[in-house]
Structure formats: structure tokens, C-alpha cells
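Okay, structure first, notes after.
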Amino acid sequence: MIAGGGLAGFRRRLLPLLRVEQAGSRAVVQNFTKVNRYSCLANQLPVVSYFAQQNLKKLQVSPNAPTGGLRFCSADCATNKFDKNCIDPSLVATYDEIVDLPNHPEKLLIDVRERQELADTGVIPTSINIPLKTVTEELKLSPDAFEAKYGRKKPAVNDPVIFSCRSGVRAGEAANQADKLGFKNVKNYVGSWLEYAQKNNLPLEPSQ
């Protein structure tokens, strides 16, 4: 039983959040993100599923719908705002931002792939490598120990930190870990190595 007006009341409160604006691509992207978030809720609150599905259908026929297609976010969206399937655009690092990093030494790019992956494919300039399984531990190092180990100043809580991996999944988890540690200026490079490599004619995968 849903409190506060039952199903009809719930529907009245939910539908405005899922309404698709046709005025421009920015509005569509914003609503696309909201729909993804509510489709996540469907895993925990089945009544949401119907409304999310209806609005997904509207987005699919919209001429301004995102070109990458529609995605259902994973169950992790409820606990990880950096999940690539439901991340807010303001938390995404773009390719242009990544290639401009040499001009912004105050921004730290952390590649959380395994070392062998980097050896087999390549690295993004200015990045340091901290495998996902050790991110929390390494970000707890003292500033002196961090700089001695990685040759870069340890970011303060308000310094920009960007995470990348192969496809944005592990980077989202690493960003979530940093956020939980108190870092307040964190982004996920959702395109990660696959986007960077494709744009720079580098190996997407290890050579066989």
C-alpha cells in the first residue's frame, strides 16, 4: 500500500519528474537521466516500472533523443551516483577535458585499470595508475607518502579528481569510493580508454 493518496497520488507526484520535454536536446538528456534513475527504482519499487517504461517509449521516439541509445541503469544507481548508466552530466569528464589535462596540472586523472592492461594498450597522458582494488587505501595515504609514490601532489578534498578505466564502469566505482572518502570534486571519464583510444588510433584491446 502506498501512503499519501495511493497509486493515483503516487502517479501524480511521479509523472512530472518523468515528463519528457521536446524543446531541445538538453532537456531530453536531463529527462533521460531522470528516467534511468527511476528505472533503477523499479528494482526496489515495482510500481515505478510502468511509469518508467512509458517515458522511455517517449524518449525513444523523440527526434532529440541521445544518439547512444537508451540504457537501463544497474541496481548500483541507488547507491552510486557515478554509475555510468545514470550519472548526472555534471559529474562526467568529457574527452575534450581529458585532452586538455596537460594545461591543467591541478586536475588529477587516475586510471584504475590493472597495470598489465596499461602495458598492453597504452595510457592517457598525465594519468597515474591506481588499480581499483587499491583506490580507497591509496587515497588514504598521507600527502607526503602519496607524492613520493606517484610523483603527483595528493589531491585535497576540493581538488579536481577524474577517474578512468577501460569503459567507465570501474571508474564509476572508484569515483564513488573517493566521494565516500570526502572528495568533493570527483568525475568519471565515462568514455575512458575505449573512447580515447578510438579517437587517437590506439589499441582498444590487448593484441593477441
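Lettering and numbering for the C-alpha cells are positional, with chains as A, B, ... in the shown order, residues counted from 1 in each chain, and ligands counted from 1 in the shown order.
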(request) Would you kindly return, as a PyMOL selection string, each protein, DNA or RNA residue with an atom no farther than 10 Å from any atom of range 87-104 of chain A, considering only C-alpha atoms and excluding same-chain residues fewer than 3 positions away? (result) chain A and resi 29-30+33-34+36-37+73+77+80-84+107-109+124-127+160-164+168+172+175+185-192+195-196+199
Only N, CA and C atoms, please: the residues just picked out, written as a tab-separated table (two decimals), in the first residue's frame.
```
chain	number	residue	atom	x	y	z
A	29	VAL	N	18.09	15.11	-22.59
A	29	VAL	CA	19.15	14.42	-21.86
A	29	VAL	C	18.87	14.44	-20.37
A	30	GLN	N	18.40	15.56	-19.85
A	30	GLN	CA	18.11	15.66	-18.43
A	30	GLN	C	17.00	14.68	-18.04
A	33	THR	N	18.19	11.09	-18.06
A	33	THR	CA	18.88	10.73	-16.82
A	33	THR	C	17.87	10.43	-15.72
A	34	LYS	N	16.81	11.25	-15.62
A	34	LYS	CA	15.80	11.01	-14.59
A	34	LYS	C	15.11	9.67	-14.81
A	36	ASN	N	16.28	7.04	-16.27
A	36	ASN	CA	17.20	5.97	-15.90
A	36	ASN	C	17.21	5.78	-14.40
A	37	ARG	N	17.21	6.88	-13.65
A	37	ARG	CA	17.23	6.78	-12.20
A	37	ARG	C	15.96	6.09	-11.70
A	73	CYS	N	19.76	1.69	-16.11
A	73	CYS	CA	20.86	1.70	-15.17
A	73	CYS	C	20.80	0.47	-14.28
A	77	CYS	N	22.78	2.08	-9.13
A	77	CYS	CA	22.48	3.50	-9.24
A	77	CYS	C	21.93	4.08	-7.94
A	80	ASN	N	25.28	4.53	-6.02
A	80	ASN	CA	26.46	5.09	-6.68
A	80	ASN	C	26.04	6.08	-7.76
A	81	LYS	N	26.13	7.36	-7.46
A	81	LYS	CA	25.73	8.38	-8.42
A	81	LYS	C	26.68	8.50	-9.60
A	82	PHE	N	27.82	7.80	-9.54
A	82	PHE	CA	28.79	7.83	-10.63
A	82	PHE	C	28.64	6.65	-11.59
A	83	ASP	N	27.65	5.79	-11.35
A	83	ASP	CA	27.39	4.68	-12.26
A	83	ASP	C	27.17	5.25	-13.66
A	84	LYS	N	27.87	4.71	-14.65
A	84	LYS	CA	27.85	5.28	-16.00
A	84	LYS	C	26.46	5.28	-16.63
A	107	LYS	N	44.39	19.28	-12.04
A	107	LYS	CA	43.44	18.17	-12.18
A	107	LYS	C	44.20	16.85	-12.23
A	108	LEU	N	43.78	15.90	-11.43
A	108	LEU	CA	44.46	14.61	-11.37
A	108	LEU	C	43.60	13.54	-12.03
A	109	LEU	N	44.17	12.87	-13.04
A	109	LEU	CA	43.50	11.76	-13.71
A	109	LEU	C	44.06	10.45	-13.18
A	124	ILE	N	46.72	7.28	-20.91
A	124	ILE	CA	46.33	8.65	-21.23
A	124	ILE	C	47.36	9.58	-20.59
A	125	PRO	N	47.91	10.52	-21.36
A	125	PRO	CA	48.93	11.43	-20.81
A	125	PRO	C	48.46	12.13	-19.54
A	126	THR	N	49.36	12.28	-18.61
A	126	THR	CA	49.23	12.90	-17.28
A	126	THR	C	48.59	11.97	-16.25
A	127	SER	N	48.05	10.83	-16.68
A	127	SER	CA	47.36	9.96	-15.72
A	127	SER	C	48.35	9.22	-14.83
A	160	PRO	N	40.14	18.86	-8.17
A	160	PRO	CA	39.50	18.03	-9.21
A	160	PRO	C	40.21	16.68	-9.35
A	161	VAL	N	39.42	15.62	-9.28
A	161	VAL	CA	39.93	14.26	-9.48
A	161	VAL	C	39.04	13.57	-10.50
A	162	ILE	N	39.67	13.01	-11.53
A	162	ILE	CA	38.94	12.30	-12.58
A	162	ILE	C	39.40	10.85	-12.60
A	163	PHE	N	38.44	9.94	-12.73
A	163	PHE	CA	38.77	8.52	-12.80
A	163	PHE	C	38.46	7.98	-14.19
A	164	SER	N	39.33	7.12	-14.67
A	164	SER	CA	39.10	6.45	-15.95
A	164	SER	C	39.45	4.98	-15.82
A	168	GLY	N	34.53	2.92	-18.34
A	168	GLY	CA	33.77	3.79	-17.45
A	168	GLY	C	33.08	3.09	-16.30
A	172	GLY	N	33.59	4.49	-12.44
A	172	GLY	CA	32.44	4.90	-11.66
A	172	GLY	C	32.52	4.39	-10.23
A	175	ALA	N	35.25	6.45	-8.46
A	175	ALA	CA	34.74	7.78	-8.14
A	175	ALA	C	33.83	7.72	-6.92
A	185	ASN	N	35.10	17.00	-5.52
A	185	ASN	CA	35.18	17.45	-6.91
A	185	ASN	C	35.62	16.28	-7.79
A	186	VAL	N	34.77	15.27	-7.84
A	186	VAL	CA	35.11	14.00	-8.49
A	186	VAL	C	34.29	13.83	-9.77
A	187	LYS	N	34.95	13.28	-10.81
A	187	LYS	CA	34.25	12.98	-12.07
A	187	LYS	C	34.64	11.60	-12.57
A	188	ASN	N	33.75	11.04	-13.37
A	188	ASN	CA	34.00	9.78	-14.07
A	188	ASN	C	34.18	10.09	-15.55
A	189	TYR	N	35.34	9.71	-16.11
A	189	TYR	CA	35.51	9.82	-17.56
A	189	TYR	C	34.82	8.59	-18.16
A	190	VAL	N	33.56	8.74	-18.43
A	190	VAL	CA	32.74	7.62	-18.87
A	190	VAL	C	33.27	7.00	-20.16
A	191	GLY	N	33.78	7.82	-21.08
A	191	GLY	CA	34.32	7.28	-22.32
A	191	GLY	C	35.55	6.41	-22.09
A	192	SER	N	36.35	6.80	-21.10
A	192	SER	CA	37.55	6.08	-20.67
A	192	SER	C	38.42	5.65	-21.85
A	195	GLU	N	37.10	5.24	-25.62
A	195	GLU	CA	36.88	6.48	-26.38
A	195	GLU	C	38.20	7.14	-26.74
A	196	TYR	N	39.10	7.24	-25.76
A	196	TYR	CA	40.37	7.91	-26.01
A	196	TYR	C	41.17	7.18	-27.09
A	199	LYS	N	39.73	7.64	-30.66
A	199	LYS	CA	39.96	8.97	-31.22
A	199	LYS	C	41.44	9.22	-31.54
```
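In this model, the gap between CA of Ala119 in chain A and CA of Asp159 in chain A comes to 28.2 Å.
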(message) Just want the 7 Å neighbourhood of Glu114 in chain A, counted on only C-alpha atoms, with same-chain residues fewer than 3 positions away dropped. Output as a VMD selection string.
(response) chain A and resid 117 to 118 131
Take the residues that were just selected and, keeping N, CA and C atoms, output them as a compact mmCIF listing (two decimals), in the first residue's frame.
```txt
# COMPACT_ATOMS: atom_id res chain seq x y z
N GLU A 117 46.95 -4.16 -18.14
CA GLU A 117 46.08 -3.56 -19.16
C GLU A 117 46.74 -2.33 -19.77
N LEU A 118 47.35 -1.52 -18.94
CA LEU A 118 48.03 -0.33 -19.44
C LEU A 118 49.22 -0.71 -20.31
N PRO A 131 45.15 0.84 -9.39
CA PRO A 131 44.13 -0.17 -9.66
C PRO A 131 42.94 -0.05 -8.72
```
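Distance-wise, CA of Ile130 in chain A and CA of Ala78 in chain A end up 25.5 Å apart.
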(message) Using DSSP assignments from the backbone, pull out every residue in range 79-164 of chain A that falls under strand (DSSP E or B) and give it to me as an NGL selection string.
(response) :A and (92 or 108-111 or 128-129 or 161-164)
Any chance you could export the current selection's N, CA and C atoms as a CSV table (one decimal), in the first residue's frame?
```csv
chain,number,residue,atom,x,y,z
A,92,VAL,N,30.4,14.0,-15.3
A,92,VAL,CA,31.1,13.3,-16.4
A,92,VAL,C,32.2,14.2,-16.9
A,108,LEU,N,43.8,15.9,-11.4
A,108,LEU,CA,44.5,14.6,-11.4
A,108,LEU,C,43.6,13.5,-12.0
A,109,LEU,N,44.2,12.9,-13.0
A,109,LEU,CA,43.5,11.8,-13.7
A,109,LEU,C,44.1,10.4,-13.2
A,110,ILE,N,43.2,9.6,-12.6
A,110,ILE,CA,43.6,8.3,-12.1
A,110,ILE,C,43.0,7.2,-12.9
A,111,ASP,N,43.9,6.4,-13.5
A,111,ASP,CA,43.4,5.3,-14.3
A,111,ASP,C,43.4,4.1,-13.4
A,128,ILE,N,47.9,8.9,-13.6
A,128,ILE,CA,48.6,7.9,-12.8
A,128,ILE,C,47.8,6.7,-12.7
A,129,ASN,N,48.4,5.6,-12.3
A,129,ASN,CA,47.7,4.3,-12.2
A,129,ASN,C,47.5,3.9,-10.8
A,161,VAL,N,39.4,15.6,-9.3
A,161,VAL,CA,39.9,14.3,-9.5
A,161,VAL,C,39.0,13.6,-10.5
A,162,ILE,N,39.7,13.0,-11.5
A,162,ILE,CA,38.9,12.3,-12.6
A,162,ILE,C,39.4,10.8,-12.6
A,163,PHE,N,38.4,9.9,-12.7
A,163,PHE,CA,38.8,8.5,-12.8
A,163,PHE,C,38.5,8.0,-14.2
A,164,SER,N,39.3,7.1,-14.7
A,164,SER,CA,39.1,6.5,-16.0
A,164,SER,C,39.5,5.0,-15.8
```
(message) Please report the interatomic distance between CA of Arg152 in chain A and CA of Phe183 in chain A in Å with one decimal.
(response)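 Distance reported for this atom pair: 16.6 Å.
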(message) Quick one: residues within 9 Å of Glu205 in chain A, only C-alpha atoms, excluding same-chain residues fewer than 3 positions away - as a ChimeraX atom specification?
(response) /A:117,120-121,194,208
(request) Check the smallest atom-to-atom distance from each of A:Leu204, A:Leu132, A:Cys86, A:Val123 to Gln177 in chain A using only C-alpha atoms, then report the winner. (result)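 Comparing A:Leu204, A:Leu132, A:Cys86, A:Val123 against Gln177 in chain A, the winner is A:Leu132.
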(request) Would you mind telling me which residue in A:Thr136, A:Asp179, A:Ala197, A:Leu202 lies nearest to Asn158 in chain A when using only C-alpha atoms? (result)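 Using only C-alpha atoms, the shortest distance to Asn158 in chain A belongs to A:Asp179.
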